[in-house]
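Take a look at the structure set out below.
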Amino acid sequence: MPFFDNEGVKIYYEIEGSGPDLIMIHGFAANIDFNWRATNWIKVLKNENRLILIDCRGHGKSDKPTDPAQYGIKMLEDVTKLMDHLSIKKANFFGYSMGARITLGLLVRELQRFNCAILGGYGLTLPSKTTKQINSMFRVMVDALRAESLDEINDAVARQFRTFAESTGSDLKALAAVMEGNFQEAEEEFTTRSKMKKALKKIKVPVMTVVGSNDILIQNKTLISNLIPGACHFQIQGRDHLSVVPDPKFHMVVKAFLNHVNSKKK
C-alpha cells in the first residue's frame, strides 16, 4: 500500500485513472472508501482524470495522532507534501466538507498549486457575535467524541455526530484531536470580516461550490462563491450534508466543471 512520511506521520494515498491530476480530499470521519469509492465518485471521474486520493491524518489508513497540535495546518501540509512526493506542480482540487476546508486553506496559502478548486458541502461564517455560540457547539461535539458511550451524550445533534463517526469505524480520540486542532487553526485564519473578504478576493482560479439545499450545517451557502471572483455555485435540491454526496446530479456538475477547466488548458 502506498504511504509517504510527513515528519513521522504516515499518510496513505491511492491513484486511480488517467488524465489531468485531480486531488480529492474527503470529509471529517470519512476516508477514501467511504467518501469517494462507495459513492461512485471514483467510477464517475477516473476515465477522464488521474485521481490522487488521500486519507487525511487521523482517518482511514493514515496514522492517527491524538495530540491536537498534529492537526490544523499540518493537514494542509500533508497535501502539498504529497504533491511534492508525486512531483505534481499544479492540479485540480476537489474537497468535501473538512476536505473543502483544507482545500480553501490551500487556496489562500498555496494558490500557485491550483488549476481549479471544487468545494463541496462547506460554508464559511463571517466573524461576528455568534462566535461564542460556535465555540460552545464545538465544545459539545468534542466532548461527544470523547464520551465513553452514547448514553453520556445529551445533545441530539452531538449524538448523531458521534453515531456517524462510529459508523465509519473511526478512532474517536483521534477525531477529537482533529477537531480541536482544526478549530484553533480556523480561528487564527480569519479573525475579522475584512481579513476574510480580502483573502478570498485574491483567489484567481476557477472555483465551484456545491451544497445540498437541505444542509443545515451550512448557514450561508453562497458566501464563498459570492466573495471569490468568478466563482460559481450549485445547490442539489432536497439533499442534506450526507445524502448529497452520492447524488448523480452532484456527479454531473463536478464532471462538467472539470471538463470545462481541462478543455481550456489544451
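In the C-alpha cells, the first chain shown is A, the next is B, and so on; residue numbers restart at 1 for each chain, and ligands run from 1 in the order shown.
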- Residues near Ala29 of chain A, cut-off 8 Å, only C-alpha atoms, skip fewer than 4 positions along chain, as a list in words: His59, Phe164, Ala165, Thr168, Ser170 and Leu175 of chain A
Keeping only N, CA and C atoms, write the selected residues to a file as a PDB file, in the first residue's frame.
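Heads up, here's the output in out27.pdb:
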ATOM      1  N   HIS A  59      -7.490   9.654   9.967  1.00  0.00           N
ATOM      2  CA  HIS A  59      -8.567   8.988   9.248  1.00  0.00           C
ATOM      3  C   HIS A  59      -8.038   7.800   8.441  1.00  0.00           C
ATOM      4  N   PHE A 164     -22.439   8.827  13.626  1.00  0.00           N
ATOM      5  CA  PHE A 164     -21.834   8.791  12.295  1.00  0.00           C
ATOM      6  C   PHE A 164     -20.352   8.416  12.383  1.00  0.00           C
ATOM      7  N   ALA A 165     -19.623   9.026  13.318  1.00  0.00           N
ATOM      8  CA  ALA A 165     -18.196   8.723  13.465  1.00  0.00           C
ATOM      9  C   ALA A 165     -17.974   7.247  13.774  1.00  0.00           C
ATOM     10  N   THR A 168     -18.343   4.811  10.662  1.00  0.00           N
ATOM     11  CA  THR A 168     -17.240   4.734   9.698  1.00  0.00           C
ATOM     12  C   THR A 168     -16.014   4.028  10.282  1.00  0.00           C
ATOM     13  N   SER A 170     -14.192   4.950  12.832  1.00  0.00           N
ATOM     14  CA  SER A 170     -13.144   5.933  13.111  1.00  0.00           C
ATOM     15  C   SER A 170     -12.573   5.792  14.520  1.00  0.00           C
ATOM     16  N   LEU A 175     -10.222  11.721  16.219  1.00  0.00           N
ATOM     17  CA  LEU A 175     -11.141  12.693  15.633  1.00  0.00           C
ATOM     18  C   LEU A 175     -11.345  13.904  16.541  1.00  0.00           C
TER      19      LEU A 175
END
Please, which residues of segment 103-242 of chain A, numbered as in this document, come out strand (DSSP E or B) from DSSP, as a CSV table (one decimal) with C-alpha atoms, in the first residue's frame?
chain,number,residue,atom,x,y,z
A,114,PHE,CA,-4.1,25.2,-8.3
A,115,ASN,CA,-5.7,24.9,-11.7
A,116,CYS,CA,-9.2,24.9,-10.2
A,117,ALA,CA,-11.0,24.0,-7.0
A,118,ILE,CA,-14.3,22.4,-6.1
A,119,LEU,CA,-15.6,23.0,-2.6
A,120,GLY,CA,-18.4,20.6,-1.7
A,207,VAL,CA,-13.8,27.8,-8.2
A,208,MET,CA,-17.1,26.0,-7.8
A,209,THR,CA,-19.1,25.5,-4.6
A,210,VAL,CA,-21.7,22.7,-4.3
A,211,VAL,CA,-24.0,22.0,-1.3
A,212,GLY,CA,-27.3,20.2,-0.6
A,232,CYS,CA,-20.0,29.5,-9.4
A,233,HIS,CA,-22.4,27.9,-7.0
A,234,PHE,CA,-24.8,24.9,-7.3
A,235,GLN,CA,-27.3,23.6,-4.8
A,236,ILE,CA,-28.6,20.0,-5.1
- Message: Just checking: using only C-alpha atoms, which residue out of A:Met141, A:Val253, A:Ala176, A:Leu22 ends up closest to Gly58 of chain A?
- Response: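 Closest to Gly58 of chain A of all the choices is A:Ala176.
Between Asn92 of chain A and the residues A:Glu110, A:Glu7, A:Asp55, A:Asp21, the shortest atom-to-atom distance, using only C-alpha atoms, involves A:Asp21.
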- Message: Give me, as a ChimeraX atom specification, the residues of segment 48-211 of chain A that a backbone DSSP run labels alpha helix (DSSP H).
- Response: /A:73-85,98-109,131-146,156-167,172-189,193-201
